[in-house]
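Novice: Contents are CSV, C-alpha atoms; file name protein02.csv:
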chain,number,residue,atom,x,y,z
A,1,MET,CA,1.0,47.3,-2.5
A,2,ALA,CA,1.9,50.0,0.0
A,3,ARG,CA,-1.6,51.6,0.0
A,4,LYS,CA,-3.7,51.1,3.1
A,5,LEU,CA,-6.7,48.8,2.6
A,6,ILE,CA,-9.8,48.9,4.7
A,7,LEU,CA,-12.8,46.7,4.1
A,8,HIS,CA,-16.2,48.1,5.1
A,9,GLU,CA,-18.3,45.0,5.6
A,10,ASP,CA,-20.9,42.8,7.3
A,11,ALA,CA,-19.3,39.4,8.0
A,12,ARG,CA,-22.5,37.5,7.1
A,13,SER,CA,-22.3,38.7,3.5
A,14,GLY,CA,-20.6,36.5,1.0
A,15,ASN,CA,-19.9,39.5,-1.2
A,16,CYS,CA,-17.8,40.9,1.7
A,17,TYR,CA,-16.1,37.6,2.4
A,18,LYS,CA,-15.0,37.4,-1.2
A,19,ILE,CA,-12.7,40.4,-0.6
A,20,ARG,CA,-11.4,39.0,2.7
A,21,LEU,CA,-10.6,35.7,1.0
A,22,THR,CA,-8.9,37.3,-1.9
A,23,ALA,CA,-6.7,39.4,0.5
A,24,ALA,CA,-6.0,36.4,2.6
A,25,LEU,CA,-4.9,34.2,-0.4
A,26,LEU,CA,-2.7,37.1,-1.5
A,27,ARG,CA,-1.4,37.7,2.0
A,28,LEU,CA,-2.4,41.4,1.9
A,29,PRO,CA,-3.0,43.2,5.2
A,30,LEU,CA,-6.7,44.3,5.3
A,31,GLU,CA,-8.3,46.3,8.1
A,32,VAL,CA,-12.0,45.6,8.7
A,33,ARG,CA,-14.8,48.0,9.7
A,34,SER,CA,-17.9,46.0,10.6
A,35,TYR,CA,-21.5,47.1,10.1
A,36,ASP,CA,-24.8,45.4,10.8
A,37,ILE,CA,-26.8,45.8,7.6
A,38,ILE,CA,-30.0,44.5,9.1
A,39,ALA,CA,-29.8,47.0,11.9
A,40,GLY,CA,-29.4,49.8,9.3
A,41,GLU,CA,-25.8,50.7,10.2
A,42,THR,CA,-24.9,51.3,6.5
A,43,ARG,CA,-27.8,53.8,6.2
A,44,THR,CA,-26.4,56.4,8.7
A,45,ARG,CA,-25.7,59.9,7.4
A,46,GLU,CA,-22.0,59.3,8.0
A,47,PHE,CA,-21.9,56.1,6.0
A,48,LEU,CA,-23.9,57.6,3.1
A,49,GLU,CA,-21.7,60.7,3.0
A,50,THR,CA,-18.3,59.1,3.4
A,51,VAL,CA,-18.3,55.4,2.4
A,52,ASN,CA,-21.1,54.8,-0.2
A,53,ALA,CA,-24.1,57.0,-1.1
A,54,THR,CA,-26.1,53.9,-2.0
A,55,GLY,CA,-25.7,52.4,1.5
A,56,CYS,CA,-24.4,49.2,0.1
A,57,ILE,CA,-21.5,47.1,1.3
A,58,PRO,CA,-18.9,45.8,0.7
A,59,VAL,CA,-16.8,48.9,0.0
A,60,LEU,CA,-13.0,48.5,-0.3
A,61,GLN,CA,-11.3,51.7,0.9
A,62,ILE,CA,-7.9,52.3,-0.6
A,63,ASP,CA,-6.3,55.1,1.3
A,64,GLU,CA,-8.9,57.8,0.7
A,65,GLN,CA,-10.6,56.2,-2.3
A,66,PHE,CA,-13.7,54.1,-2.0
A,67,LEU,CA,-14.5,51.2,-4.3
A,68,PRO,CA,-18.0,49.5,-4.2
A,69,GLU,CA,-18.9,46.2,-5.9
A,70,SER,CA,-17.3,43.1,-4.5
A,71,ASN,CA,-15.9,41.8,-7.8
A,72,ALA,CA,-14.4,45.1,-8.7
A,73,ALA,CA,-12.7,45.2,-5.3
A,74,CYS,CA,-11.3,41.7,-5.8
A,75,TRP,CA,-10.1,42.6,-9.2
A,76,TYR,CA,-8.2,45.6,-7.7
A,77,LEU,CA,-6.5,43.4,-5.2
A,78,ALA,CA,-5.7,40.6,-7.7
A,79,GLU,CA,-4.3,42.5,-10.7
A,80,GLY,CA,-0.8,41.4,-11.4
A,81,THR,CA,-1.0,38.3,-9.2
A,82,ASP,CA,-1.5,34.6,-9.9
A,83,LEU,CA,-5.2,35.0,-9.1
A,84,LEU,CA,-5.6,36.5,-12.6
A,85,PRO,CA,-4.4,34.4,-15.6
A,86,GLU,CA,-1.7,35.7,-17.9
A,87,GLY,CA,-3.6,35.0,-21.1
A,88,ARG,CA,-5.9,37.7,-22.5
A,89,PHE,CA,-8.8,35.3,-23.2
A,90,ASP,CA,-8.5,33.6,-19.8
A,91,ARG,CA,-8.5,37.0,-18.0
A,92,ALA,CA,-11.7,37.9,-19.9
A,93,ASP,CA,-13.1,34.4,-19.1
A,94,CYS,CA,-12.6,35.1,-15.4
A,95,LEU,CA,-14.8,38.2,-15.8
A,96,ARG,CA,-17.3,36.1,-17.7
A,97,TRP,CA,-17.7,33.9,-14.6
A,98,MET,CA,-17.7,37.0,-12.3
A,99,PHE,CA,-20.5,38.6,-14.3
A,100,PHE,CA,-22.4,35.3,-14.3
A,101,GLU,CA,-22.0,35.3,-10.5
A,102,GLN,CA,-23.6,38.7,-10.1
A,103,TYR,CA,-26.3,38.2,-12.7
A,104,ASN,CA,-27.3,34.5,-12.5
A,105,HIS,CA,-26.0,33.2,-9.2
A,106,GLU,CA,-26.0,35.8,-6.4
A,107,PRO,CA,-29.5,37.3,-7.0
A,108,ASN,CA,-30.9,33.8,-6.7
A,109,ILE,CA,-28.7,31.8,-4.4
A,110,ALA,CA,-27.5,34.5,-2.0
A,111,THR,CA,-31.0,36.2,-1.9
A,112,LEU,CA,-32.7,32.9,-0.9
A,113,ARG,CA,-30.1,32.4,1.8
A,114,PHE,CA,-30.7,35.9,3.1
A,115,TRP,CA,-34.5,35.5,3.0
A,116,LEU,CA,-34.6,32.0,4.6
A,117,ARG,CA,-31.6,32.3,7.0
A,118,PHE,CA,-31.6,35.9,8.1
A,119,ILE,CA,-35.2,37.3,7.5
A,120,GLY,CA,-37.0,34.0,8.0
A,121,THR,CA,-39.8,32.4,6.0
A,122,ALA,CA,-42.5,33.7,8.3
A,123,ASN,CA,-41.3,37.3,7.9
A,124,LEU,CA,-41.2,37.4,4.1
A,125,SER,CA,-43.4,39.9,2.3
A,126,GLU,CA,-46.1,38.6,-0.1
A,127,GLU,CA,-44.0,39.8,-3.0
A,128,GLN,CA,-40.9,38.0,-1.7
A,129,ARG,CA,-42.9,34.8,-1.2
A,130,ARG,CA,-44.1,34.9,-4.8
A,131,MET,CA,-40.5,35.3,-6.1
A,132,VAL,CA,-39.1,32.2,-4.2
A,133,ALA,CA,-40.0,29.6,-6.9
A,134,GLY,CA,-38.4,31.7,-9.7
A,135,LYS,CA,-35.2,32.2,-7.7
A,136,ARG,CA,-35.1,28.6,-6.8
A,137,ALA,CA,-35.2,27.5,-10.4
A,138,ALA,CA,-32.7,30.1,-11.6
A,139,GLY,CA,-30.3,29.2,-8.7
A,140,LEU,CA,-30.5,25.5,-9.6
A,141,ALA,CA,-29.7,26.4,-13.2
A,142,ALA,CA,-26.7,28.4,-12.1
A,143,LEU,CA,-25.4,25.5,-9.9
A,144,GLN,CA,-26.0,23.1,-12.9
A,145,LEU,CA,-23.9,25.3,-15.2
A,146,MET,CA,-21.0,25.2,-12.6
A,147,GLU,CA,-21.5,21.4,-12.2
A,148,ASP,CA,-21.3,20.8,-16.0
A,149,HIS,CA,-18.1,22.8,-16.2
A,150,LEU,CA,-16.5,21.3,-13.1
A,151,ARG,CA,-17.3,17.8,-14.1
A,152,VAL,CA,-14.5,18.1,-16.7
A,153,ASN,CA,-12.3,20.9,-15.2
A,154,ASP,CA,-10.8,21.3,-11.7
A,155,TRP,CA,-11.1,25.1,-11.8
A,156,LEU,CA,-13.5,27.5,-13.6
A,157,VAL,CA,-10.7,29.0,-15.7
A,158,GLY,CA,-7.5,27.3,-16.8
A,159,GLU,CA,-5.5,24.9,-14.6
A,160,ALA,CA,-5.3,26.8,-11.3
A,161,VAL,CA,-7.5,28.8,-8.9
A,162,THR,CA,-8.4,32.3,-10.2
A,163,LEU,CA,-10.6,35.1,-9.1
A,164,ALA,CA,-13.5,33.3,-10.9
A,165,ASP,CA,-13.4,30.6,-8.3
A,166,ILE,CA,-13.0,33.0,-5.4
A,167,ALA,CA,-16.0,35.0,-6.7
A,168,LEU,CA,-18.3,32.0,-6.9
A,169,TYR,CA,-17.2,30.1,-3.8
A,170,PRO,CA,-18.8,32.2,-1.0
A,171,TYR,CA,-22.5,31.8,-1.9
A,172,THR,CA,-22.0,28.4,-3.4
A,173,HIS,CA,-20.6,26.8,-0.3
A,174,LYS,CA,-23.4,28.4,1.7
A,175,ALA,CA,-26.1,27.5,-0.8
A,176,GLU,CA,-27.7,24.9,1.6
A,177,ALA,CA,-28.7,27.8,3.8
A,178,GLY,CA,-30.9,28.9,0.9
A,179,GLY,CA,-32.4,25.4,0.5
A,180,PHE,CA,-30.2,24.3,-2.4
A,181,PRO,CA,-29.2,20.6,-2.1
A,182,LEU,CA,-25.4,20.6,-2.7
A,183,GLU,CA,-25.3,16.8,-2.7
A,184,ASP,CA,-26.9,16.9,-6.1
A,185,PHE,CA,-23.8,18.7,-7.5
A,186,PRO,CA,-20.9,16.4,-6.7
A,187,ALA,CA,-18.3,18.1,-8.9
A,188,VAL,CA,-19.2,21.5,-7.2
A,189,CYS,CA,-18.6,19.8,-3.8
A,190,GLU,CA,-15.2,18.6,-4.9
A,191,TRP,CA,-14.3,22.0,-6.2
A,192,ILE,CA,-15.4,23.5,-2.8
A,193,GLY,CA,-13.0,21.0,-1.2
A,194,ARG,CA,-10.1,22.1,-3.4
A,195,ILE,CA,-10.7,25.8,-2.5
A,196,GLU,CA,-10.7,25.0,1.2
A,197,LYS,CA,-7.3,23.3,0.9
A,198,LEU,CA,-5.6,26.3,-0.6
A,199,PRO,CA,-2.7,27.7,1.4
A,200,ALA,CA,-3.8,30.8,3.4
A,201,TYR,CA,-7.5,30.0,2.9
A,202,VAL,CA,-9.7,31.6,5.6
A,203,PRO,CA,-13.2,30.5,6.3
A,204,MET,CA,-16.3,32.7,6.3
A,205,ALA,CA,-17.1,34.1,9.7
B,1,MET,CA,-5.2,41.9,-32.8
B,2,ALA,CA,-4.9,39.4,-35.5
B,3,ARG,CA,-7.5,36.9,-34.2
B,4,LYS,CA,-10.8,36.7,-36.0
B,5,LEU,CA,-13.7,38.2,-34.1
B,6,ILE,CA,-17.3,37.1,-34.6
B,7,LEU,CA,-20.2,38.4,-32.6
B,8,HIS,CA,-23.2,36.1,-32.1
B,9,GLU,CA,-26.0,38.6,-31.5
B,10,ASP,CA,-29.6,39.8,-31.7
B,11,ALA,CA,-29.4,43.4,-32.9
B,12,ARG,CA,-32.3,44.5,-30.6
B,13,SER,CA,-30.2,43.6,-27.5
B,14,GLY,CA,-28.3,46.4,-25.8
B,15,ASN,CA,-25.9,43.8,-24.4
B,16,CYS,CA,-25.0,42.8,-28.0
B,17,TYR,CA,-24.8,46.4,-29.1
B,18,LYS,CA,-22.3,47.2,-26.4
B,19,ILE,CA,-19.8,44.9,-28.0
B,20,ARG,CA,-20.4,46.3,-31.5
B,21,LEU,CA,-20.0,49.8,-30.1
B,22,THR,CA,-16.7,48.9,-28.4
B,23,ALA,CA,-15.4,47.3,-31.6
B,24,ALA,CA,-16.4,50.3,-33.6
B,25,LEU,CA,-14.8,52.8,-31.3
B,26,LEU,CA,-11.6,50.7,-31.4
B,27,ARG,CA,-11.9,50.3,-35.2
B,28,LEU,CA,-11.7,46.5,-34.9
B,29,PRO,CA,-13.2,44.4,-37.7
B,30,LEU,CA,-16.1,42.3,-36.3
B,31,GLU,CA,-18.2,39.8,-38.2
B,32,VAL,CA,-21.8,39.4,-37.0
B,33,ARG,CA,-24.0,36.3,-36.9
B,34,SER,CA,-27.7,37.3,-36.2
B,35,TYR,CA,-30.2,35.3,-34.3
B,36,ASP,CA,-33.8,36.1,-33.4
B,37,ILE,CA,-34.0,35.3,-29.6
B,38,ILE,CA,-37.8,35.7,-29.5
B,39,ALA,CA,-38.1,33.1,-32.3
B,40,GLY,CA,-35.9,30.7,-30.3
B,41,GLU,CA,-32.9,30.8,-32.7
B,42,THR,CA,-30.5,30.6,-29.8
B,43,ARG,CA,-32.2,27.4,-28.5
B,44,THR,CA,-31.3,25.2,-31.4
B,45,ARG,CA,-29.2,22.1,-30.8
B,46,GLU,CA,-26.4,23.6,-33.0
B,47,PHE,CA,-26.3,26.8,-31.0
B,48,LEU,CA,-26.4,25.1,-27.7
B,49,GLU,CA,-23.6,22.6,-28.6
B,50,THR,CA,-21.3,25.1,-30.4
B,51,VAL,CA,-21.9,28.7,-29.2
B,52,ASN,CA,-23.3,28.7,-25.7
B,53,ALA,CA,-24.9,25.9,-23.7
B,54,THR,CA,-27.1,28.4,-21.9
B,55,GLY,CA,-28.7,29.7,-25.1
B,56,CYS,CA,-27.7,33.2,-24.1
B,57,ILE,CA,-26.3,35.9,-26.4
B,58,PRO,CA,-24.2,37.9,-26.9
B,59,VAL,CA,-21.3,35.5,-27.3
B,60,LEU,CA,-18.0,36.9,-28.7
B,61,GLN,CA,-16.2,34.2,-30.7
B,62,ILE,CA,-12.4,34.7,-30.9
B,63,ASP,CA,-11.1,32.2,-33.5
B,64,GLU,CA,-12.4,29.0,-32.0
B,65,GLN,CA,-13.0,30.2,-28.4
B,66,PHE,CA,-16.4,31.4,-27.2
B,67,LEU,CA,-16.8,34.2,-24.6
B,68,PRO,CA,-20.3,34.8,-23.2
B,69,GLU,CA,-21.2,37.9,-21.0
B,70,SER,CA,-21.3,41.2,-22.8
B,71,ASN,CA,-19.1,43.1,-20.3
B,72,ALA,CA,-16.4,40.3,-20.4
B,73,ALA,CA,-16.4,40.5,-24.2
B,74,CYS,CA,-16.0,44.3,-24.1
B,75,TRP,CA,-13.1,43.9,-21.6
B,76,TYR,CA,-11.4,41.4,-23.9
B,77,LEU,CA,-11.6,43.9,-26.8
B,78,ALA,CA,-10.6,46.9,-24.8
B,79,GLU,CA,-7.6,45.6,-22.8
B,80,GLY,CA,-4.5,47.7,-23.6
B,81,THR,CA,-6.5,50.5,-25.3
B,82,ASP,CA,-7.6,54.0,-24.2
B,83,LEU,CA,-11.1,52.6,-23.3
B,84,LEU,CA,-9.5,51.2,-20.1
B,85,PRO,CA,-7.7,53.7,-17.9
B,86,GLU,CA,-4.0,53.4,-17.0
B,87,GLY,CA,-4.5,53.7,-13.3
B,88,ARG,CA,-5.2,50.6,-11.2
B,89,PHE,CA,-7.9,52.2,-9.2
B,90,ASP,CA,-9.6,53.6,-12.2
B,91,ARG,CA,-9.5,50.3,-14.0
B,92,ALA,CA,-11.2,48.6,-11.0
B,93,ASP,CA,-13.6,51.6,-10.9
B,94,CYS,CA,-14.6,50.8,-14.5
B,95,LEU,CA,-15.5,47.3,-13.4
B,96,ARG,CA,-17.4,48.8,-10.5
B,97,TRP,CA,-19.7,50.6,-12.9
B,98,MET,CA,-19.9,47.5,-15.2
B,99,PHE,CA,-21.0,45.3,-12.3
B,100,PHE,CA,-23.5,48.0,-11.3
B,101,GLU,CA,-24.8,47.9,-14.8
B,102,GLN,CA,-25.4,44.1,-14.7
B,103,TYR,CA,-26.8,44.1,-11.2
B,104,ASN,CA,-28.8,47.3,-10.7
B,105,HIS,CA,-29.4,48.7,-14.1
B,106,GLU,CA,-29.9,46.0,-16.8
B,107,PRO,CA,-32.2,43.7,-14.8
B,108,ASN,CA,-34.6,46.7,-14.3
B,109,ILE,CA,-34.2,49.1,-17.2
B,110,ALA,CA,-33.5,46.6,-20.0
B,111,THR,CA,-36.0,44.1,-18.7
B,112,LEU,CA,-38.8,46.7,-18.6
B,113,ARG,CA,-37.9,47.8,-22.2
B,114,PHE,CA,-38.0,44.1,-23.3
B,115,TRP,CA,-41.4,43.5,-21.5
B,116,LEU,CA,-43.1,46.7,-22.7
B,117,ARG,CA,-41.5,47.1,-26.2
B,118,PHE,CA,-41.0,43.6,-27.4
B,119,ILE,CA,-43.4,41.4,-25.4
B,120,GLY,CA,-46.2,44.0,-24.9
B,121,THR,CA,-48.1,44.9,-21.7
B,122,ALA,CA,-51.1,42.8,-22.8
B,123,ASN,CA,-48.9,39.7,-23.1
B,124,LEU,CA,-47.1,39.9,-19.7
B,125,SER,CA,-47.6,37.0,-17.3
B,126,GLU,CA,-49.2,37.6,-13.9
B,127,GLU,CA,-45.8,37.2,-12.3
B,128,GLN,CA,-44.2,39.7,-14.7
B,129,ARG,CA,-47.0,42.2,-14.0
B,130,ARG,CA,-46.4,42.0,-10.3
B,131,MET,CA,-42.7,42.7,-10.8
B,132,VAL,CA,-43.1,45.9,-12.8
B,133,ALA,CA,-43.4,48.3,-9.8
B,134,GLY,CA,-40.2,47.0,-8.1
B,135,LYS,CA,-38.2,47.1,-11.4
B,136,ARG,CA,-39.5,50.6,-12.0
B,137,ALA,CA,-38.3,51.8,-8.6
B,138,ALA,CA,-34.9,50.1,-8.9
B,139,GLY,CA,-34.4,51.4,-12.4
B,140,LEU,CA,-35.1,55.0,-11.4
B,141,ALA,CA,-32.6,54.6,-8.5
B,142,ALA,CA,-30.0,53.4,-10.9
B,143,LEU,CA,-30.6,56.4,-13.2
B,144,GLN,CA,-30.5,58.7,-10.2
B,145,LEU,CA,-27.1,57.3,-9.2
B,146,MET,CA,-25.8,58.0,-12.7
B,147,GLU,CA,-27.4,61.5,-12.6
B,148,ASP,CA,-25.7,62.3,-9.3
B,149,HIS,CA,-22.3,61.3,-10.6
B,150,LEU,CA,-22.7,62.9,-14.0
B,151,ARG,CA,-23.9,66.2,-12.6
B,152,VAL,CA,-20.3,66.8,-11.4
B,153,ASN,CA,-18.3,64.6,-13.9
B,154,ASP,CA,-18.4,64.4,-17.7
B,155,TRP,CA,-17.6,60.7,-17.7
B,156,LEU,CA,-18.2,57.8,-15.3
B,157,VAL,CA,-14.5,57.2,-14.6
B,158,GLY,CA,-11.7,59.8,-15.0
B,159,GLU,CA,-11.7,62.5,-17.7
B,160,ALA,CA,-12.4,60.6,-20.8
B,161,VAL,CA,-14.7,57.9,-22.2
B,162,THR,CA,-14.1,54.4,-20.9
B,163,LEU,CA,-15.7,51.0,-21.0
B,164,ALA,CA,-17.8,52.1,-18.0
B,165,ASP,CA,-19.6,54.6,-20.3
B,166,ILE,CA,-19.9,52.1,-23.2
B,167,ALA,CA,-21.4,49.5,-20.9
B,168,LEU,CA,-24.1,51.8,-19.5
B,169,TYR,CA,-24.9,53.7,-22.6
B,170,PRO,CA,-27.0,51.1,-24.6
B,171,TYR,CA,-29.9,50.5,-22.1
B,172,THR,CA,-29.7,54.1,-20.7
B,173,HIS,CA,-30.3,55.8,-24.1
B,174,LYS,CA,-33.2,53.4,-24.8
B,175,ALA,CA,-34.7,53.7,-21.3
B,176,GLU,CA,-37.8,55.6,-22.5
B,177,ALA,CA,-38.9,52.4,-24.3
B,178,GLY,CA,-39.2,50.9,-20.8
B,179,GLY,CA,-41.2,53.9,-19.6
B,180,PHE,CA,-38.3,55.8,-17.9
B,181,PRO,CA,-38.5,59.6,-18.3
B,182,LEU,CA,-35.0,60.6,-19.4
B,183,GLU,CA,-35.9,64.3,-19.2
B,184,ASP,CA,-35.9,63.9,-15.4
B,185,PHE,CA,-32.1,63.1,-15.7
B,186,PRO,CA,-30.6,66.1,-17.6
B,187,ALA,CA,-27.0,65.2,-16.8
B,188,VAL,CA,-27.5,61.7,-18.1
B,189,CYS,CA,-29.0,63.2,-21.3
B,190,GLU,CA,-25.9,65.4,-21.8
B,191,TRP,CA,-23.6,62.4,-21.2
B,192,ILE,CA,-25.6,60.5,-23.9
B,193,GLY,CA,-25.0,63.4,-26.2
B,194,ARG,CA,-21.2,63.3,-25.5
B,195,ILE,CA,-21.1,59.6,-26.4
B,196,GLU,CA,-23.0,60.1,-29.6
B,197,LYS,CA,-20.4,62.7,-30.7
B,198,LEU,CA,-17.4,60.3,-30.3
B,199,PRO,CA,-15.5,59.6,-33.5
B,200,ALA,CA,-16.4,56.2,-34.9
B,201,TYR,CA,-19.6,56.0,-32.8
B,202,VAL,CA,-22.2,53.7,-34.4
B,203,PRO,CA,-25.9,53.8,-33.5
B,204,MET,CA,-27.9,50.8,-32.2
B,205,ALA,CA,-29.7,49.1,-35.0
Step by step, read the file and then write its structure as structure tokens.
Specialist:
Amino acid sequence: MARKLILHEDARSGNCYKIRLTAALLRLPLEVRSYDIIAGETRTREFLETVNATGCIPVLQIDEQFLPESNAACWYLAEGTDLLPEGRFDRADCLRWMFFEQYNHEPNIATLRFWLRFIGTANLSEEQRRMVAGKRAAGLAALQLMEDHLRVNDWLVGEAVTLADIALYPYTHKAEAGGFPLEDFPAVCEWIGRIEKLPAYVPMA
Amino acid sequence: MARKLILHEDARSGNCYKIRLTAALLRLPLEVRSYDIIAGETRTREFLETVNATGCIPVLQIDEQFLPESNAACWYLAEGTDLLPEGRFDRADCLRWMFFEQYNHEPNIATLRFWLRFIGTANLSEEQRRMVAGKRAAGLAALQLMEDHLRVNDWLVGEAVTLADIALYPYTHKAEAGGFPLEDFPAVCEWIGRIEKLPAYVPMA
């Protein structure tokens, strides 16, 4: 891969970290441009005009092309590598877990981490407060689905680490910051340990 | 593709229809097993034990393997066909729109359609009622992002229809059932027309 890779990110975001972890495991050089999302640094005219009109990060810049959506960026990096399985079903099954991550896991587990750890309970709006219980229940259900699978499998897809594991690891291993008791999910904890022993693993900032 | 394909679905669901539309455009034979989600037919012991432990549909059955998540199922069908672009960036860019669909579009536009059209305003819970305004705003923002892109492009990725268009078409063309005024998004309406003129196009039930 001779193209220049630049990650536009906020290091506190698990969605951003996913891409850094994928690049690290694949030993791909990745430049980083840092923004403080809470301070509004992804809402400047320059960012909106050049990097992403929605003001969202991460964005993976590949030469002069810009790719939003963390899991799409990871897929771009991992195509043709061991992080995506060879079998057609298993490749689609990786995507199955990655869509689960964005639909069932991230909006609950990552959002509660963001609200409790970075915004703070005292600063939540009335609407946010009302949503906590629903997000708590849905986040626990997502962790339980992972637990049930990992109780009988070392990895989410097949017999080795894939992008499915990389996509789900960031917000799972930080779930306690959102008030989720990881000790209730022992198979998930063992899986976290397996990921952290991978050669070239890098921790979240 | 010699493997037998069975779609476990509820015909009212745009997520299920996505897979039927993908198979139709690719002229793949697809058997259908129908369930009434509102009547709880995906919550039976048999469904949970055999098809999907979460009780969610669609699930694409490929011989004896089961693949949940609509966009993962579409990807399985479309790999190696013209519905996925040849270029690596464009393939990842398809996924970018498909993750946008599941994160920004479906939870707002499809959910309001389900609440207003199938549950009925009078039957919404207090919590659902409180969420309508937020989902309305987020759904309009998703349609605006599509409008801005389609004002200068015929298709979401590249110069022809791809899985990105197929993933976003079902709930977009039914958005008015959720109270979204499609006439405010003329480029989206033209794009809907282009999809409906594709050879082998099939309408939603």
Novice: Please, which residues of chain B lie no more than 10 Å from chain A when the count uses only C-alpha atoms, and can they be set out as a short mmCIF file (atom, residue, chain, number, x, y, z; two decimals) with C-alpha atoms, in the frame of the given file?
Specialist:
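Generated output (selection_3.cif):
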data_model
loop_
_atom_site.label_atom_id
_atom_site.label_comp_id
_atom_site.auth_asym_id
_atom_site.auth_seq_id
_atom_site.Cartn_x
_atom_site.Cartn_y
_atom_site.Cartn_z
CA ALA B 53 -24.90 25.90 -23.70
CA THR B 54 -27.10 28.40 -21.90
CA ILE B 62 -12.40 34.70 -30.90
CA GLN B 65 -13.00 30.20 -28.40
CA PHE B 66 -16.40 31.40 -27.20
CA LEU B 67 -16.80 34.20 -24.60
CA PRO B 68 -20.30 34.80 -23.20
CA GLU B 69 -21.20 37.90 -21.00
CA SER B 70 -21.30 41.20 -22.80
CA ASN B 71 -19.10 43.10 -20.30
CA ALA B 72 -16.40 40.30 -20.40
CA ALA B 73 -16.40 40.50 -24.20
CA CYS B 74 -16.00 44.30 -24.10
CA TRP B 75 -13.10 43.90 -21.60
CA TYR B 76 -11.40 41.40 -23.90
CA LEU B 77 -11.60 43.90 -26.80
CA GLU B 79 -7.60 45.60 -22.80
CA ARG B 88 -5.20 50.60 -11.20
CA PHE B 89 -7.90 52.20 -9.20
CA ASP B 90 -9.60 53.60 -12.20
CA ARG B 91 -9.50 50.30 -14.00
CA ALA B 92 -11.20 48.60 -11.00
CA ASP B 93 -13.60 51.60 -10.90
CA CYS B 94 -14.60 50.80 -14.50
CA LEU B 95 -15.50 47.30 -13.40
CA ARG B 96 -17.40 48.80 -10.50
CA TRP B 97 -19.70 50.60 -12.90
CA MET B 98 -19.90 47.50 -15.20
CA PHE B 99 -21.00 45.30 -12.30
CA PHE B 100 -23.50 48.00 -11.30
CA GLN B 102 -25.40 44.10 -14.70
CA TYR B 103 -26.80 44.10 -11.20
CA ASN B 104 -28.80 47.30 -10.70
CA GLU B 106 -29.90 46.00 -16.80
CA PRO B 107 -32.20 43.70 -14.80
CA GLU B 127 -45.80 37.20 -12.30
CA ARG B 130 -46.40 42.00 -10.30
CA MET B 131 -42.70 42.70 -10.80
CA GLY B 134 -40.20 47.00 -8.10
CA ALA B 141 -32.60 54.60 -8.50
CA ALA B 142 -30.00 53.40 -10.90
CA LEU B 145 -27.10 57.30 -9.20
CA ASP B 148 -25.70 62.30 -9.30
#
Novice: If we count all atoms listed in the file, what is near B:Arg20 at a cut-off of 12 Å, once residues fewer than 2 positions away on the same chain are taken out, given as a PyMOL selection string?
Specialist: chain B and resi 5-11+13-18+22-33+58-60+70-71+73-74+77-78+166-167+170+200-205
Novice: If we draw a sphere of 12 Å around (-14.5, 59.4, -13.4), which residues have at least one atom in it when counting only C-alpha atoms? Please report them as an mmCIF file with C-alpha atoms, in the coordinates of the input.
Specialist:
data_model
loop_
_atom_site.group_PDB
_atom_site.id
_atom_site.type_symbol
_atom_site.label_atom_id
_atom_site.label_comp_id
_atom_site.auth_asym_id
_atom_site.auth_seq_id
_atom_site.Cartn_x
_atom_site.Cartn_y
_atom_site.Cartn_z
ATOM 1 C CA LEU B 84 -9.500 51.200 -20.100
ATOM 2 C CA PRO B 85 -7.700 53.700 -17.900
ATOM 3 C CA GLY B 87 -4.500 53.700 -13.300
ATOM 4 C CA PHE B 89 -7.900 52.200 -9.200
ATOM 5 C CA ASP B 90 -9.600 53.600 -12.200
ATOM 6 C CA ARG B 91 -9.500 50.300 -14.000
ATOM 7 C CA ALA B 92 -11.200 48.600 -11.000
ATOM 8 C CA ASP B 93 -13.600 51.600 -10.900
ATOM 9 C CA CYS B 94 -14.600 50.800 -14.500
ATOM 10 C CA ARG B 96 -17.400 48.800 -10.500
ATOM 11 C CA TRP B 97 -19.700 50.600 -12.900
ATOM 12 C CA MET B 146 -25.800 58.000 -12.700
ATOM 13 C CA HIS B 149 -22.300 61.300 -10.600
ATOM 14 C CA LEU B 150 -22.700 62.900 -14.000
ATOM 15 C CA ARG B 151 -23.900 66.200 -12.600
ATOM 16 C CA VAL B 152 -20.300 66.800 -11.400
ATOM 17 C CA ASN B 153 -18.300 64.600 -13.900
ATOM 18 C CA ASP B 154 -18.400 64.400 -17.700
ATOM 19 C CA TRP B 155 -17.600 60.700 -17.700
ATOM 20 C CA LEU B 156 -18.200 57.800 -15.300
ATOM 21 C CA VAL B 157 -14.500 57.200 -14.600
ATOM 22 C CA GLY B 158 -11.700 59.800 -15.000
ATOM 23 C CA GLU B 159 -11.700 62.500 -17.700
ATOM 24 C CA ALA B 160 -12.400 60.600 -20.800
ATOM 25 C CA VAL B 161 -14.700 57.900 -22.200
ATOM 26 C CA THR B 162 -14.100 54.400 -20.900
ATOM 27 C CA LEU B 163 -15.700 51.000 -21.000
ATOM 28 C CA ALA B 164 -17.800 52.100 -18.000
ATOM 29 C CA ASP B 165 -19.600 54.600 -20.300
#
Novice: By how many Å are atom CA of A:Lys174 and atom CA of A:Val51 apart?
Specialist: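 Atom CA of A:Val51 lies 27.5 Å from atom CA of A:Lys174.
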Novice: Between atom CA of B:Lys4 and atom CA of B:Tyr35, what is the distance, to one decimal in Å?
Specialist: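 Value for the atom CA of B:Lys4-atom CA of B:Tyr35 distance: 19.5 Å.
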